[in-house]
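upload.tsv (TSV, C-alpha atoms)
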```
chain	number	residue	atom	x	y	z
A	218	MET	CA	61.17	-2.95	4.86
A	219	TYR	CA	63.57	-0.76	2.89
A	220	ASN	CA	66.77	-2.24	4.32
A	221	THR	CA	69.30	-4.33	2.41
A	222	SER	CA	71.06	-7.40	3.83
A	223	SER	CA	74.18	-5.30	4.40
A	224	ASP	CA	72.15	-2.74	6.40
A	225	ILE	CA	70.89	-5.50	8.69
A	226	TRP	CA	74.39	-6.99	9.04
A	227	VAL	CA	75.98	-3.64	9.93
A	228	ALA	CA	73.23	-2.65	12.38
A	229	GLY	CA	73.32	-6.05	14.12
A	230	ALA	CA	77.11	-6.16	14.38
A	231	PHE	CA	77.36	-2.58	15.70
A	232	ALA	CA	74.71	-3.20	18.37
A	233	ALA	CA	76.33	-6.48	19.45
A	234	VAL	CA	79.82	-5.02	19.87
A	235	VAL	CA	78.59	-2.06	21.94
A	236	VAL	CA	76.47	-4.28	24.19
A	237	ASP	CA	79.29	-6.81	24.64
A	238	PHE	CA	81.48	-4.17	26.27
A	239	VAL	CA	78.66	-2.81	28.44
A	240	VAL	CA	77.35	-6.06	29.93
A	241	TYR	CA	80.42	-8.32	29.77
A	242	PRO	CA	81.28	-7.91	33.50
A	243	PHE	CA	77.83	-9.24	34.44
A	244	ASP	CA	78.38	-12.26	32.20
A	245	THR	CA	81.72	-12.92	33.90
A	246	LEU	CA	80.09	-12.81	37.35
A	247	LYS	CA	77.36	-15.18	36.19
A	248	THR	CA	79.94	-17.67	34.85
A	249	ARG	CA	81.89	-17.62	38.12
A	250	VAL	CA	78.78	-18.10	40.24
A	251	GLN	CA	77.67	-21.03	38.05
A	252	SER	CA	81.09	-22.73	38.01
A	253	PRO	CA	81.56	-25.97	40.01
A	254	ASN	CA	84.49	-24.34	41.86
A	255	TYR	CA	82.60	-21.28	43.08
A	256	GLU	CA	82.55	-22.30	46.76
A	257	LYS	CA	86.29	-23.14	46.86
A	258	VAL	CA	87.68	-20.37	44.67
A	259	PHE	CA	85.52	-17.37	45.49
A	260	LYS	CA	84.60	-17.98	49.14
A	261	ASP	CA	86.72	-17.96	52.29
A	262	ALA	CA	87.23	-21.54	53.51
A	263	ARG	CA	86.95	-20.57	57.17
A	264	THR	CA	84.12	-18.03	57.24
A	265	GLY	CA	82.26	-18.90	54.04
A	266	ALA	CA	82.17	-15.21	53.10
A	267	VAL	CA	82.48	-14.21	49.44
A	268	GLN	CA	85.97	-12.93	48.58
A	269	ARG	CA	84.90	-9.86	46.65
A	270	LYS	CA	88.40	-8.93	45.53
A	271	VAL	CA	88.76	-12.32	43.88
A	272	LEU	CA	85.21	-12.47	42.51
A	273	PHE	CA	85.35	-9.00	40.93
A	274	ARG	CA	88.92	-9.25	39.61
A	275	GLY	CA	89.46	-9.40	35.84
A	276	LEU	CA	85.83	-8.93	34.82
A	277	TYR	CA	86.85	-8.28	31.19
A	278	GLN	CA	88.99	-11.40	30.80
A	279	GLY	CA	88.26	-13.05	27.44
A	280	VAL	CA	86.18	-10.17	26.08
A	281	TRP	CA	88.00	-9.98	22.74
A	282	SER	CA	87.08	-13.53	21.76
A	283	VAL	CA	83.43	-12.53	22.06
A	284	VAL	CA	83.84	-9.21	20.24
A	285	PHE	CA	85.54	-10.78	17.23
A	286	SER	CA	83.00	-13.61	16.99
A	287	THR	CA	79.97	-11.41	17.65
A	288	ILE	CA	80.42	-9.34	14.50
A	289	PRO	CA	79.84	-12.24	12.05
A	290	ALA	CA	77.51	-14.13	14.40
A	291	SER	CA	75.09	-11.27	15.07
A	292	GLY	CA	75.04	-10.30	11.41
A	293	ALA	CA	74.35	-13.91	10.44
A	294	PHE	CA	71.55	-14.16	13.01
A	295	PHE	CA	69.66	-11.05	11.97
A	296	THR	CA	70.14	-11.67	8.24
A	297	THR	CA	68.82	-15.22	8.64
A	298	TYR	CA	66.04	-14.16	11.03
A	299	GLU	CA	64.74	-11.33	8.84
A	300	GLY	CA	65.12	-13.44	5.67
A	301	VAL	CA	63.28	-16.52	6.98
A	302	LYS	CA	60.59	-14.33	8.56
A	303	ASN	CA	60.06	-12.53	5.26
A	304	ILE	CA	59.88	-15.78	3.29
A	305	MET	CA	57.34	-17.22	5.73
A	306	TYR	CA	55.25	-14.04	5.47
A	307	ASN	CA	55.27	-14.38	1.68
A	308	SER	CA	54.13	-18.01	1.94
A	309	ALA	CA	51.35	-17.39	4.45
A	310	THR	CA	47.76	-17.74	3.29
A	311	LYS	CA	46.91	-14.82	5.59
A	312	PRO	CA	49.93	-12.52	6.14
A	313	PRO	CA	50.21	-10.84	9.57
A	314	THR	CA	48.25	-7.62	10.05
A	315	GLY	CA	50.12	-4.68	8.59
A	316	ILE	CA	52.36	-6.88	6.40
A	317	THR	CA	52.09	-6.56	2.62
A	318	CYS	CA	53.76	-9.42	0.79
A	319	GLY	CA	55.75	-8.33	-2.23
A	320	ARG	CA	55.69	-11.44	-4.40
A	321	ALA	CA	53.82	-9.73	-7.17
A	322	THR	CA	55.95	-6.60	-7.42
A	323	ALA	CA	59.36	-7.54	-5.98
A	324	PRO	CA	62.21	-8.15	-8.44
A	325	LYS	CA	63.14	-11.75	-9.04
A	326	GLY	CA	65.79	-12.97	-6.59
A	327	SER	CA	65.06	-10.52	-3.80
A	328	LEU	CA	63.88	-11.82	-0.43
A	329	ASN	CA	60.55	-10.09	-0.94
A	330	SER	CA	59.93	-12.33	-3.95
A	331	LEU	CA	61.03	-15.61	-2.34
A	332	CYS	CA	58.51	-17.99	-0.83
A	333	LEU	CA	58.15	-21.62	0.15
A	334	PRO	CA	56.96	-24.17	-2.46
A	335	PHE	CA	53.75	-24.42	-0.46
A	336	THR	CA	51.48	-22.12	1.53
A	337	HIS	CA	50.81	-22.34	5.24
A	338	SER	CA	48.48	-20.89	7.85
A	339	LEU	CA	50.89	-20.79	10.79
A	340	PRO	CA	50.16	-18.10	13.40
A	341	THR	CA	52.57	-15.18	13.61
A	342	PRO	CA	54.26	-16.24	16.90
A	343	ILE	CA	55.12	-19.64	15.39
A	344	MET	CA	56.65	-17.97	12.32
A	345	HIS	CA	58.73	-15.72	14.56
A	346	GLY	CA	59.81	-18.72	16.64
A	347	ILE	CA	60.89	-20.71	13.57
A	348	ALA	CA	62.78	-17.76	12.08
A	349	SER	CA	64.62	-16.98	15.32
A	350	SER	CA	65.48	-20.66	15.89
A	351	ILE	CA	67.01	-21.06	12.43
A	352	GLY	CA	68.95	-17.83	12.88
A	353	GLU	CA	70.21	-19.02	16.26
A	354	MET	CA	71.47	-22.34	14.91
A	355	VAL	CA	73.50	-20.51	12.25
A	356	SER	CA	74.81	-18.00	14.77
A	357	CYS	CA	75.84	-20.68	17.31
A	358	LEU	CA	78.25	-22.26	14.81
A	359	MET	CA	80.31	-19.06	15.00
A	360	LEU	CA	79.73	-18.33	18.69
A	361	THR	CA	80.57	-21.71	20.26
A	362	PRO	CA	84.42	-21.53	20.06
A	363	ALA	CA	84.41	-17.98	21.38
A	364	GLU	CA	81.98	-18.90	24.16
A	365	VAL	CA	84.18	-21.82	25.27
A	366	LEU	CA	87.32	-19.64	25.25
A	367	LYS	CA	85.52	-16.80	27.01
A	368	GLN	CA	84.10	-18.84	29.88
A	369	ASN	CA	87.40	-20.61	30.54
A	370	ALA	CA	89.23	-17.27	30.47
A	371	GLN	CA	86.73	-15.81	32.95
A	372	MET	CA	87.77	-18.44	35.49
A	373	ILE	CA	91.50	-17.55	35.45
A	374	GLN	CA	92.35	-16.24	38.94
A	375	GLY	CA	95.17	-15.48	41.33
A	376	ARG	CA	98.78	-15.26	40.14
A	377	GLN	CA	97.69	-16.67	36.79
A	378	THR	CA	96.22	-13.25	35.84
A	379	ASN	CA	99.74	-11.83	35.50
A	380	LYS	CA	99.78	-13.58	32.14
A	381	SER	CA	97.25	-13.23	29.36
A	382	ALA	CA	94.13	-15.13	30.41
A	383	MET	CA	93.20	-15.86	26.80
A	384	GLY	CA	96.75	-17.02	26.05
A	385	GLN	CA	96.59	-19.54	28.87
A	386	VAL	CA	93.23	-20.85	27.71
A	387	LEU	CA	94.41	-21.22	24.11
A	388	LEU	CA	97.30	-23.35	25.31
A	389	ARG	CA	94.84	-25.77	26.88
A	390	PHE	CA	93.24	-26.41	23.48
A	391	ARG	CA	96.43	-26.72	21.43
A	392	ARG	CA	96.27	-30.52	21.46
A	393	HIS	CA	92.49	-30.84	21.07
A	394	PRO	CA	91.22	-27.78	19.12
A	395	TRP	CA	88.01	-29.59	18.17
A	396	ARG	CA	86.92	-29.30	21.79
A	397	LEU	CA	86.20	-25.65	21.08
A	398	TRP	CA	82.96	-26.88	19.49
A	399	SER	CA	82.16	-29.33	22.29
A	400	GLY	CA	79.60	-26.95	23.74
A	401	TYR	CA	77.64	-26.42	20.50
A	402	THR	CA	74.81	-28.76	21.51
A	403	ALA	CA	74.62	-27.15	24.95
A	404	LEU	CA	74.68	-23.64	23.47
A	405	VAL	CA	71.95	-24.49	20.96
A	406	GLY	CA	70.04	-26.30	23.70
A	407	ARG	CA	70.03	-23.07	25.72
A	408	ASN	CA	69.60	-20.55	22.91
A	409	LEU	CA	66.88	-22.29	20.91
A	410	PRO	CA	64.24	-22.30	23.67
A	411	THR	CA	65.42	-18.83	24.72
A	412	THR	CA	64.99	-17.29	21.27
A	413	ALA	CA	61.89	-19.35	20.47
A	414	LEU	CA	60.24	-17.86	23.57
A	415	GLN	CA	61.92	-14.48	23.48
A	416	PHE	CA	61.33	-13.26	19.91
A	417	PRO	CA	57.62	-14.11	19.54
A	418	LEU	CA	57.02	-12.44	22.91
A	419	PHE	CA	59.21	-9.50	21.86
A	420	GLU	CA	57.42	-9.04	18.51
A	421	TYR	CA	54.01	-9.23	20.21
A	422	VAL	CA	54.84	-6.74	22.98
A	423	ARG	CA	56.52	-4.35	20.55
A	424	SER	CA	53.59	-4.43	18.12
A	425	ARG	CA	51.17	-3.68	20.95
A	426	LEU	CA	53.32	-0.81	22.25
A	427	ILE	CA	53.71	0.69	18.77
A	428	SER	CA	49.98	0.33	18.05
A	429	ARG	CA	49.00	2.10	21.27
A	430	ARG	CA	51.59	4.80	20.69
A	431	ARG	CA	50.30	5.48	17.19
A	432	GLN	CA	46.70	5.58	18.33
A	433	ARG	CA	47.51	8.13	21.02
A	434	LYS	CA	49.54	10.18	18.57
A	435	ALA	CA	46.75	10.06	15.98
A	436	SER	CA	44.14	11.20	18.51
A	437	ARG	CA	46.34	14.12	19.60
A	438	SER	CA	47.18	15.25	16.07
A	439	ASN	CA	43.50	15.48	15.00
A	440	THR	CA	44.34	14.29	11.49
A	441	SER	CA	42.41	11.99	9.21
A	442	GLN	CA	45.45	9.77	8.66
A	443	PRO	CA	45.14	6.24	10.06
A	444	PRO	CA	47.54	5.38	12.93
A	445	SER	CA	49.66	3.12	10.71
A	446	GLU	CA	50.59	6.08	8.50
A	447	GLN	CA	51.90	8.23	11.31
A	448	SER	CA	55.60	9.00	11.01
A	449	GLU	CA	57.89	7.03	13.29
A	450	GLN	CA	60.68	8.88	14.99
A	451	LEU	CA	64.00	7.28	15.80
A	452	VAL	CA	63.65	7.62	19.57
A	453	GLU	CA	60.15	6.17	19.50
A	454	ARG	CA	61.11	3.18	17.37
A	455	ALA	CA	64.29	2.35	19.29
A	456	GLY	CA	62.78	3.12	22.70
A	457	LEU	CA	59.70	0.91	22.33
A	458	THR	CA	61.89	-1.85	20.92
A	459	GLY	CA	64.14	-1.64	23.97
A	460	ILE	CA	61.23	-1.86	26.42
A	461	ALA	CA	59.74	-4.87	24.64
A	462	ALA	CA	63.14	-6.56	24.41
A	463	ALA	CA	63.91	-6.04	28.10
A	464	PHE	CA	60.59	-7.57	29.13
A	465	SER	CA	60.82	-10.59	26.81
A	466	GLY	CA	64.50	-11.14	27.68
A	467	THR	CA	63.78	-11.24	31.40
A	468	VAL	CA	61.04	-13.85	30.99
A	469	ALA	CA	63.10	-16.03	28.63
A	470	ALA	CA	66.27	-15.81	30.76
A	471	THR	CA	64.42	-16.82	33.93
A	472	VAL	CA	62.79	-19.84	32.31
A	473	THR	CA	66.01	-21.11	30.67
A	474	THR	CA	68.45	-20.60	33.57
A	475	PRO	CA	68.84	-24.37	34.26
A	476	ILE	CA	70.05	-25.13	30.72
A	477	ASP	CA	72.38	-22.10	30.96
A	478	VAL	CA	73.98	-23.56	34.12
A	479	ILE	CA	74.45	-26.92	32.37
A	480	LYS	CA	75.93	-25.18	29.33
A	481	THR	CA	78.41	-23.29	31.51
A	482	ARG	CA	79.56	-26.49	33.24
A	483	ILE	CA	80.06	-28.32	29.92
A	484	MET	CA	82.08	-25.47	28.42
A	485	LEU	CA	84.25	-25.11	31.52
A	486	SER	CA	85.02	-28.84	31.33
A	487	ALA	CA	86.01	-28.65	27.65
A	488	SER	CA	89.62	-27.49	28.24
A	489	ASP	CA	92.50	-29.93	28.72
A	490	SER	CA	92.78	-28.95	32.37
A	491	GLY	CA	89.13	-29.73	33.10
A	492	GLY	CA	88.81	-26.75	35.43
A	493	SER	CA	90.35	-23.56	36.64
A	494	PRO	CA	94.01	-23.16	37.68
A	495	GLN	CA	92.95	-23.16	41.29
A	496	ASP	CA	91.08	-26.39	40.78
A	497	GLN	CA	94.25	-27.96	39.41
A	498	SER	CA	96.37	-26.99	42.38
A	499	THR	CA	93.71	-27.88	44.91
A	500	ARG	CA	93.22	-31.32	43.46
A	501	GLY	CA	96.91	-31.92	43.79
A	502	SER	CA	96.63	-31.30	47.52
A	503	GLY	CA	93.49	-33.36	47.88
A	504	GLY	CA	91.25	-30.32	48.29
A	505	VAL	CA	88.62	-31.40	45.77
A	506	SER	CA	86.66	-34.59	46.26
A	507	LEU	CA	86.14	-37.29	43.67
A	508	GLU	CA	82.51	-36.22	43.48
A	509	ALA	CA	83.53	-32.70	42.49
A	510	GLN	CA	85.91	-34.08	39.88
A	511	SER	CA	83.11	-36.14	38.34
A	512	LYS	CA	81.06	-33.00	37.90
A	513	ILE	CA	83.67	-31.40	35.64
A	514	LYS	CA	84.64	-34.50	33.70
A	515	PRO	CA	84.95	-33.55	29.99
A	516	GLY	CA	82.59	-35.04	27.41
A	517	LYS	CA	79.46	-35.25	29.53
A	518	SER	CA	76.07	-34.93	27.85
A	519	LEU	CA	73.43	-32.36	28.76
A	520	ILE	CA	71.35	-34.92	30.64
A	521	SER	CA	74.23	-36.47	32.59
A	522	MET	CA	75.63	-33.05	33.54
A	523	GLY	CA	72.21	-31.91	34.72
A	524	ARG	CA	71.77	-35.12	36.69
A	525	ASP	CA	75.12	-34.58	38.43
A	526	ILE	CA	74.25	-30.98	39.34
A	527	ILE	CA	70.97	-32.09	40.93
A	528	ARG	CA	72.70	-34.98	42.71
A	529	TYR	CA	75.47	-32.94	44.33
A	530	GLU	CA	73.92	-29.45	44.58
A	531	GLY	CA	70.16	-30.01	44.49
A	532	ILE	CA	67.59	-28.23	42.34
A	533	ARG	CA	68.98	-24.88	43.55
A	534	GLY	CA	72.20	-25.69	41.71
A	535	LEU	CA	70.34	-25.39	38.39
A	536	TYR	CA	69.34	-21.82	39.23
A	537	LYS	CA	72.75	-20.47	40.25
A	538	GLY	CA	73.32	-17.03	38.79
A	539	GLY	CA	69.69	-16.84	37.67
A	540	LEU	CA	69.09	-13.38	39.13
A	541	ILE	CA	72.28	-12.01	37.59
A	542	ARG	CA	71.39	-13.57	34.25
A	543	ALA	CA	67.84	-12.19	34.24
A	544	GLY	CA	69.11	-8.72	35.15
A	545	TRP	CA	71.88	-8.48	32.61
A	546	THR	CA	69.73	-10.08	29.89
A	547	ALA	CA	67.09	-7.38	30.39
A	548	ILE	CA	69.75	-4.66	30.12
A	549	ALA	CA	71.67	-6.34	27.30
A	550	LEU	CA	68.74	-7.33	25.10
A	551	GLY	CA	66.92	-4.04	25.62
A	552	PHE	CA	70.05	-2.07	24.74
A	553	TYR	CA	70.99	-4.49	21.94
A	554	LEU	CA	67.71	-4.51	20.02
A	555	SER	CA	67.10	-0.80	20.51
A	556	LEU	CA	70.54	-0.07	19.05
A	557	TYR	CA	69.90	-2.54	16.23
A	558	GLU	CA	66.50	-1.04	15.40
A	559	GLY	CA	67.84	2.49	15.67
A	560	GLY	CA	70.82	1.71	13.45
A	561	ARG	CA	68.62	-0.03	10.90
A	562	PHE	CA	66.22	2.93	10.93
A	563	CYS	CA	69.05	5.40	10.27
A	564	LEU	CA	70.43	3.30	7.43
A	565	GLU	CA	66.93	2.93	6.00
A	566	ASN	CA	66.30	6.69	6.01
A	567	ARG	CA	69.71	7.40	4.52
A	568	ARG	CA	69.08	4.90	1.73
A	569	LYS	CA	65.65	6.41	1.02
A	570	GLU	CA	67.11	9.91	0.84
A	571	ARG	CA	69.89	8.75	-1.46
A	572	ASP	CA	67.46	6.93	-3.74
A	573	HIS	CA	65.16	9.96	-3.75
A	574	ILE	CA	68.03	12.16	-4.86
A	575	ASN	CA	68.94	9.64	-7.55
A	576	GLY	CA	65.32	9.42	-8.67
A	577	LYS	CA	65.03	5.79	-7.60
A	578	LEU	CA	62.63	6.04	-4.68
A	579	GLY	CA	60.36	3.02	-4.76
A	580	ASN	CA	62.87	0.63	-6.28
A	581	GLN	CA	63.24	-2.58	-4.27
A	582	THR	CA	66.94	-3.13	-4.97
A	583	THR	CA	70.23	-1.30	-5.29
A	584	GLU	CA	73.12	-2.45	-7.36
A	585	GLY	CA	74.65	-5.65	-6.01
A	586	GLU	CA	72.29	-5.88	-3.00
A	587	GLU	CA	68.95	-7.38	-2.14
A	588	VAL	CA	66.26	-5.57	-0.20
A	589	VAL	CA	64.97	-7.53	2.81
```

As C-alpha cells, the full file:
Amino acid sequence: MYNTSSDIWVAGAFAAVVVDFVVYPFDTLKTRVQSPNYEKVFKDARTGAVQRKVLFRGLYQGVWSVVFSTIPASGAFFTTYEGVKNIMYNSATKPPTGITCGRATAPKGSLNSLCLPFTHSLPTPIMHGIASSIGEMVSCLMLTPAEVLKQNAQMIQGRQTNKSAMGQVLLRFRRHPWRLWSGYTALVGRNLPTTALQFPLFEYVRSRLISRRRQRKASRSNTSQPPSEQSEQLVERAGLTGIAAAFSGTVAATVTTPIDVIKTRIMLSASDSGGSPQDQSTRGSGGVSLEAQSKIKPGKSLISMGRDIIRYEGIRGLYKGGLIRAGWTAIALGFYLSLYEGGRFCLENRRKERDHINGKLGNQTTEGEEVV
C-alpha cells in the first residue's frame, strides 16, 4: 500500500462527511421508530395512524454534532484499522495471499516494519475482525458524545423546533456533562459485533469480486500477465468495494439490530429530562404510565434495558427500525467505503506521480510521514 497515514485520514474523513449528509434522514427515522415514545408522539391517539408530518419533520436535526465528530473519528478508525491489520500481517507466519510483508525492506519506524513480539497463525478473517474492533473502540471514544446529542436532538418535536434543537439538548447536559459518555458501553456493544462481522465479510467478498474481475479481464486481454498485475481503474476499485460493503453491511445490521435498539434507548435516557419534550408534558398530565417511565430511567445497563424492552414490548420491540437500519446501512456503508477507497486510490496515484517526478518512486516514506 503506497498511502501515508494522512492519506487514509483524509480519505476516511471526506467519505464520512459526505455519507453523513446523504443518509442522516434515515438515521433520524430509525431513532424515532426505536424510541420508547414512538406510539404516543408519532401516532394519532384515536386512529393509531402514523402522523407523517410529525415523523418526517426536522430530519436533519442534530446533524452538525455528527459531522464535526465524524472527521476525527473516521480518520482514527481507518488509521487504526489499517495500522493494526498491517502489523498483524507482518507478524503472521503465513501472510494472506497477495500480501507481501515489508519487514525486511521497510524503513525503521514505518508501519510496514512494525510487528508483534511474537508470530501467529491466525486466519485472515480473525485478523480483520481484531483490527476493526480495535479501530472501533478508538473511534467510539470520539463518537459517543455526538451520538448522544444527535439522538436526543432527533426527538425534539412540535413547538420546540422553533428553537435550535441542538441548543435545547445541550442545556439538558449543562449540569451533568459526563452523561454524554454514558452510552459508550452501549455504542461499543453495538459496534464491536457489527464491525467484527462486517469487515471480515467485506474483505472476503471484495477479494473474491476483485479476483473474478481480474481473471475475466486477463482472459479478454490475451496477455501473459497474471491477473494480479492487471491495472486497477478507479471505478472498478471503488465500485467493487461499494458492492461488497453494501452486502456485508446489510448482514451485520440485521444481526445487530437488537443491541442498536438498546443503545438508542440508553442514549435517549441520558439527558436530564429523561425523554423528549412531549414525554415531559404528557407525564405531567398523567399520559405516560409508570411502566413507560421505568423504560427510560437514566443509568440502566444494557441487560436491564433489554429486559425491560422484552417485558413491555415483546421480542418485536428489539427489532424496531430493523428494516430501516438494514436499508440505510447498505446505502451508507456501500457509499462510504467506495468513496474512501476511491479517495485513497486518487491520493495514492497522485503521490506515486509526484515521487516519480522527484525521482523517488519506490521509497516507502515521505518527509514527516509514514507509509501504511

List the residues sitting within 12 Å of (64.2, -21.7, 15.9) in the file's frame, using only C-alpha atoms, as a compact mmCIF listing (two decimals) with C-alpha atoms, keeping the file's coordinate frame.
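Final output, result_12.txt:
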```txt
# COMPACT_ATOMS: atom_id res chain seq x y z
CA PHE A 294 71.55 -14.16 13.01
CA THR A 297 68.82 -15.22 8.64
CA TYR A 298 66.04 -14.16 11.03
CA VAL A 301 63.28 -16.52 6.98
CA LYS A 302 60.59 -14.33 8.56
CA PRO A 342 54.26 -16.24 16.90
CA ILE A 343 55.12 -19.64 15.39
CA MET A 344 56.65 -17.97 12.32
CA HIS A 345 58.73 -15.72 14.56
CA GLY A 346 59.81 -18.72 16.64
CA ILE A 347 60.89 -20.71 13.57
CA ALA A 348 62.78 -17.76 12.08
CA SER A 349 64.62 -16.98 15.32
CA SER A 350 65.48 -20.66 15.89
CA ILE A 351 67.01 -21.06 12.43
CA GLY A 352 68.95 -17.83 12.88
CA GLU A 353 70.21 -19.02 16.26
CA MET A 354 71.47 -22.34 14.91
CA VAL A 355 73.50 -20.51 12.25
CA SER A 356 74.81 -18.00 14.77
CA CYS A 357 75.84 -20.68 17.31
CA VAL A 405 71.95 -24.49 20.96
CA GLY A 406 70.04 -26.30 23.70
CA ARG A 407 70.03 -23.07 25.72
CA ASN A 408 69.60 -20.55 22.91
CA LEU A 409 66.88 -22.29 20.91
CA PRO A 410 64.24 -22.30 23.67
CA THR A 411 65.42 -18.83 24.72
CA THR A 412 64.99 -17.29 21.27
CA ALA A 413 61.89 -19.35 20.47
CA LEU A 414 60.24 -17.86 23.57
CA GLN A 415 61.92 -14.48 23.48
CA PHE A 416 61.33 -13.26 19.91
CA PRO A 417 57.62 -14.11 19.54
```

| Any idea what the distance is between CA of Glu565 (chain A) and CA of Ala228 (chain A)? |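 Result for CA of Glu565 (chain A) versus CA of Ala228 (chain A): 10.6 Å, one decimal.
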
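Atom pair CA of Leu397 (chain A) / CA of Ser291 (chain A): separated by 19.1 Å.
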
Using all atoms listed in the file, the shortest atom-to-atom distance to Gly229 (chain A) among A:Met359, A:Ala293, A:Ile532, A:Ile483 belongs to A:Ala293

Each residue of region 351-468 of chain A with at least one atom at most 9 Å from region 534-550 of chain A should appear once, together with its nearest atom pair and the corresponding distance in Å (one decimal); atoms considered: only C-alpha atoms; ordering: chain, then increasing residue number; output as a Markdown table.
```
| residue | atom | partner | partner_atom | distance |
| --- | --- | --- | --- | --- |
| A:Gly459 | CA | A:Leu550 | CA | 7.4 |
| A:Ile460 | CA | A:Ala547 | CA | 9.0 |
| A:Ala462 | CA | A:Leu550 | CA | 5.7 |
| A:Ala463 | CA | A:Ala547 | CA | 4.1 |
| A:Phe464 | CA | A:Ala547 | CA | 6.6 |
| A:Ser465 | CA | A:Ala547 | CA | 7.9 |
| A:Gly466 | CA | A:Ala547 | CA | 5.3 |
| A:Thr467 | CA | A:Ala543 | CA | 5.0 |
| A:Val468 | CA | A:Ala543 | CA | 7.7 |
```

I'd like to know which of A:Phe238, A:Tyr529, A:Trp226, A:Phe231 is closest to Ser555 (chain A), using all atoms listed in the file.
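The closest residue to Ser555 (chain A) is A:Phe231.
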
As a ChimeraX atom specification, please: the residues near Ala455 (chain A) (cut-off 7 Å, all atoms listed in the file, same-chain neighbours under 5 positions excluded).
/A:555-556,558-559

Find the spatial neighbours of region 247-253 of chain A, counting all atoms listed in the file, within a cut-off of 10 Å - ignore same-chain residues fewer than 4 positions away - and output them as a VMD selection string. chain A and resid 241 to 243 257 to 259 272 to 273 367 to 369 371 to 373 477 to 483 485 to 486 492 to 493 496 509 to 510 512 to 513 526 530 534 to 542 545

CA of Ala487 (chain A) to CA of Pro289 (chain A) measures 23.5 Å

List as a list in words the residues having at least one atom at most 10 Å from position (87.4, -13.0, 29.0) as given in the file, counting only C-alpha atoms. Tyr241, Pro242, Asp244, Thr245, Gly275, Leu276, Tyr277, Gln278, Gly279, Val280, Trp281, Ser282, Val283, Ala363, Glu364, Leu366, Lys367, Gln368, Asn369, Ala370, Gln371, Met372, Ile373, Ser381, Ala382, Met383 and Val386 of chain A

With all atoms of region 552-569 of chain A from the file as input, state the centre and edge lengths in Å to one decimal of the axis-aligned box that has 3 Å extra on each side, as AutoDock Vina command-line options.
```
--center_x 68.3 --center_y 1.4 --center_z 12.9 --size_x 11.3 --size_y 17.9 --size_z 29.7
```
